[in-house]
Amino acid sequence: MSSEPYLVVSAILFAIGVLGFLVRRNAIIAFMSVELMLNSVNLSLVTFARQHGNLDGQVGTFFVMVVAAAEVVVGLAIIVAVYRARRSASVDDANLLKF
Amino acid sequence: MTSFIPLVSAGEVAFWVCGPIAILLAVGMVLMRKPVHSAICIAGVMLALAVMYAAQDAPFLFVIQIIVYTGAILMLFLFVVMLVGVDTSDSVVETLKGHRVASFLAVIGLAVLLVMAVGQVFEGEPAGLAAANEEFGGNLEGLAALLFSRYVFAFEATAALLITAAVGAMVLAHGERLKAKKSQVVQAQERMEAYAAEGKHPGVLPNSGVYARFNAIHAPALLPDGSVAEASVSETLTARGAIVAVDQLRTPADRAFKAIERVHSDAEGESE
């Protein structure tokens with residue numbers, strides 16, 4: 001089958017990830033939305049690899065996964081540290097650097 | 001002979017099953033109030049994506065997606081959700097006026113833009129990965145050959161990245177001890193000093209009360225004069241007001257004593 005349907009699904013998933021990141025105030029769910037965006041881009045990379053008939057796209061996906069794993073570890077540690085300091089996981093409550 | 005069932009490949013079936021599931025679960029992830037439900041939804045999205053990788057000749061990424069994303073990253077999310085509080089659901093109050101409508105419209109625009117742009121890039125059928133996989137004898141071998149030749153420096157850089165991430169997580173999640181830990185000697189000295197200065201009892205605290213019909217940790221003990229021993233129940237329980245009223249415990253005993261005395265006096269009256 002052709003590549004367009006995969007790319008459309010990937011685009012829709014990316015848009016939903018952006019929506020979740022913009023709308024949700026819970027830091028953990030905002031973070032999950034970032035993961036969703038990374039995953040949708042992975043899908044399009046795999047689709048590009050199949051379309052062009054070489055494996056570079058799949059290697060790119062592999063690297064995105066590694067970076068995502070490292071990012072999740074540090075990001076969740078930051079969320080835990082903020083929760084410990086401010087007793088809240090809401091992104092609205094972490095406003096010390098504002099203004 | 002005509003076939004009434006259109007000829008579809010397994011890849012197409014996988015796509016038309018998993019694509020809608022992925023989108024529905026992603027919408028669910030955004031809409032769910034509780035973080036745990038969102039985490040479950042995004043686990044489903046990642047499994048659906050894994051199946052779509054398998055349908056696109058990427059067996060290695062299919063396995064890695066399930067192991068790394070669904071197995072490791074999602075479990076990390078669930079751990080943090082449990083740590084931070086399972087029942088913290090978002091407040092529905094908008095902090096910025098019109099923020100939700102504005103972001104929804106912006107995202108609709110973005111989705112239309114992306115679908116329009118991306119839906120028409122390719123003309124013709126995909127080249128397929130059969131030739132690329134054949135070159136080194138398989139998908140995994142082909143990926144390894146690329147990883148250790150053309151992308152070897154990026155691969156080395158990821159090693160540094162992973163080490164940095166592990167150290168960063170340790171530094172961030174580590175809680176610093178604010179005061180030095182008290183040794184037993186220091187604690188004993190403090191107790192004796194408190195005894196000398198304020199006359200505070202240095203020994204163990206009294207037990208909670210044991211009554212004929214009640215024996216629990218929130219029942220206070222009584223002193224010899226009948227008053228309540230404050231130190232016999234936990235301060236936390238006292239602050240919560242979860243302590244049993246001693247008078248309530250006394251009533252059945254008093255009633256029993258009165259009944260016994262009445263029977264006793266009746267018996268004495270009869271015998272006279």
# chains A, B, ... in the order shown; residues from 1 in each chain; ligands from 1

$ residues_around --residues "segment 188-194 of chain B" --least-positions-apart "6" --cutoff "12 Å" --atoms "only C-alpha atoms" --output "list in words"
Lys182, Lys200, His201, Pro202, Gly203 and Val204 of chain B

$ interface_residues --of "chain B" --to "chain A" --cutoff "6 Å" --atoms "only C-alpha atoms" --output "list in words"
Val30, Val107, Ala111, Leu114, Val115, Gly119, Glu125, Pro126, Ala127, Gly128, Leu129, Ala132, Leu162, Ala165, Ala169, Leu172 and Ala173 of chain B

$ atom_distance --atom1 "atom CA of Met37 of chain A" --atom2 "atom CA of Leu49 of chain B"
12.2 Å

$ atom_distance --atom1 "atom CA of Phe62 of chain B" --atom2 "atom CA of Leu143 of chain B"
13.4 Å

$ select_by_dssp --residues "segment 34-236 of chain B" --states "helix (DSSP H, G or I)" --output "MDAnalysis selection string"
chainID B and resid 35:55 59:84 99:118 130:136 139:147 152:173 184:198 230:232 235:236

$ residues_around --residues "segment 12-15 of chain B" --least-positions-apart "6" --cutoff "7 Å" --atoms "only C-alpha atoms" --output "number ranges by chain"
A: 1; B: 51-52, 55

$ write_last_selection --atoms "N, CA and C atoms" --output "mmCIF file, in the first residue's frame"
data_model
loop_
_atom_site.group_PDB
_atom_site.id
_atom_site.type_symbol
_atom_site.label_atom_id
_atom_site.label_comp_id
_atom_site.auth_asym_id
_atom_site.auth_seq_id
_atom_site.Cartn_x
_atom_site.Cartn_y
_atom_site.Cartn_z
ATOM 1 N N MET A 1 0.842 -1.192 0.000
ATOM 2 C CA MET A 1 0.000 0.000 0.000
ATOM 3 C C MET A 1 0.877 1.242 0.000
ATOM 4 N N VAL B 51 2.748 -2.101 15.815
ATOM 5 C CA VAL B 51 2.193 -2.962 14.769
ATOM 6 C C VAL B 51 2.376 -2.300 13.406
ATOM 7 N N MET B 52 2.226 -0.956 13.361
ATOM 8 C CA MET B 52 2.416 -0.287 12.072
ATOM 9 C C MET B 52 3.876 -0.347 11.617
ATOM 10 N N ALA B 55 4.223 -3.660 10.059
ATOM 11 C CA ALA B 55 3.605 -3.704 8.739
ATOM 12 C C ALA B 55 4.456 -3.014 7.686
#

$ residues_around --residues "segment 221-234 of chain B" --least-positions-apart "5" --cutoff "12 Å" --atoms "only C-alpha atoms" --output "ChimeraX atom specification"
/B:200-201,203-211,214-216,239-247,249-250

$ write_last_selection --atoms "N, CA and C atoms" --output "compact mmCIF listing (two decimals), in the first residue's frame"
# COMPACT_ATOMS: atom_id res chain seq x y z
N LYS B 200 10.76 16.15 82.09
CA LYS B 200 10.06 15.30 81.14
C LYS B 200 10.47 13.85 81.35
N HIS B 201 9.50 12.96 81.39
CA HIS B 201 9.78 11.54 81.66
C HIS B 201 10.70 10.95 80.61
N GLY B 203 11.61 7.79 80.12
CA GLY B 203 11.37 6.40 79.74
C GLY B 203 10.40 6.28 78.59
N VAL B 204 9.87 5.05 78.40
CA VAL B 204 8.91 4.84 77.31
C VAL B 204 7.58 5.47 77.67
N LEU B 205 6.77 5.76 76.64
CA LEU B 205 5.45 6.34 76.85
C LEU B 205 4.48 5.25 77.32
N PRO B 206 3.41 5.60 78.04
CA PRO B 206 2.45 4.59 78.49
C PRO B 206 1.70 3.96 77.32
N ASN B 207 1.21 2.75 77.53
CA ASN B 207 0.42 2.06 76.51
C ASN B 207 -0.92 2.73 76.34
N SER B 208 -1.59 2.38 75.25
CA SER B 208 -2.98 2.83 75.11
C SER B 208 -3.84 2.01 76.08
N GLY B 209 -5.08 2.49 76.31
CA GLY B 209 -5.92 1.89 77.34
C GLY B 209 -6.45 0.52 76.95
N VAL B 210 -6.60 -0.35 77.96
CA VAL B 210 -7.20 -1.67 77.75
C VAL B 210 -8.48 -1.71 78.58
N TYR B 211 -9.64 -1.85 77.94
CA TYR B 211 -10.92 -1.85 78.63
C TYR B 211 -11.59 -3.20 78.44
N PHE B 214 -13.20 -2.85 75.00
CA PHE B 214 -12.51 -2.07 73.97
C PHE B 214 -11.01 -2.17 74.18
N ASN B 215 -10.30 -2.43 73.10
CA ASN B 215 -8.85 -2.53 73.21
C ASN B 215 -8.27 -2.11 71.87
N ALA B 216 -7.99 -0.82 71.71
CA ALA B 216 -7.46 -0.35 70.43
C ALA B 216 -6.52 0.81 70.68
N ALA B 239 -4.78 15.09 67.23
CA ALA B 239 -5.02 16.24 66.36
C ALA B 239 -6.20 15.99 65.43
N ARG B 240 -6.36 14.73 64.97
CA ARG B 240 -7.47 14.42 64.07
C ARG B 240 -8.78 14.28 64.83
N GLY B 241 -8.73 14.23 66.17
CA GLY B 241 -9.95 14.02 66.94
C GLY B 241 -10.47 12.60 66.81
N ALA B 242 -9.58 11.66 66.55
CA ALA B 242 -10.02 10.27 66.32
C ALA B 242 -9.96 9.45 67.60
N ILE B 243 -9.99 10.13 68.75
CA ILE B 243 -9.81 9.41 70.00
C ILE B 243 -11.16 9.01 70.59
N VAL B 244 -11.22 7.81 71.15
CA VAL B 244 -12.45 7.32 71.76
C VAL B 244 -12.71 8.11 73.05
N ALA B 245 -13.96 8.58 73.25
CA ALA B 245 -14.30 9.29 74.48
C ALA B 245 -14.38 8.29 75.63
N VAL B 246 -13.61 8.59 76.68
CA VAL B 246 -13.52 7.63 77.78
C VAL B 246 -14.87 7.48 78.48
N ASP B 247 -15.64 8.57 78.54
CA ASP B 247 -16.94 8.51 79.23
C ASP B 247 -17.85 7.47 78.58
N LEU B 249 -16.90 4.81 77.16
CA LEU B 249 -16.44 3.47 77.57
C LEU B 249 -16.87 3.19 79.00
N ARG B 250 -16.98 4.26 79.80
CA ARG B 250 -17.34 4.05 81.21
C ARG B 250 -18.82 3.68 81.36

$ atom_distance --atom1 "atom CA of Ala219 of chain B" --atom2 "atom CA of Leu237 of chain B"
10.1 Å
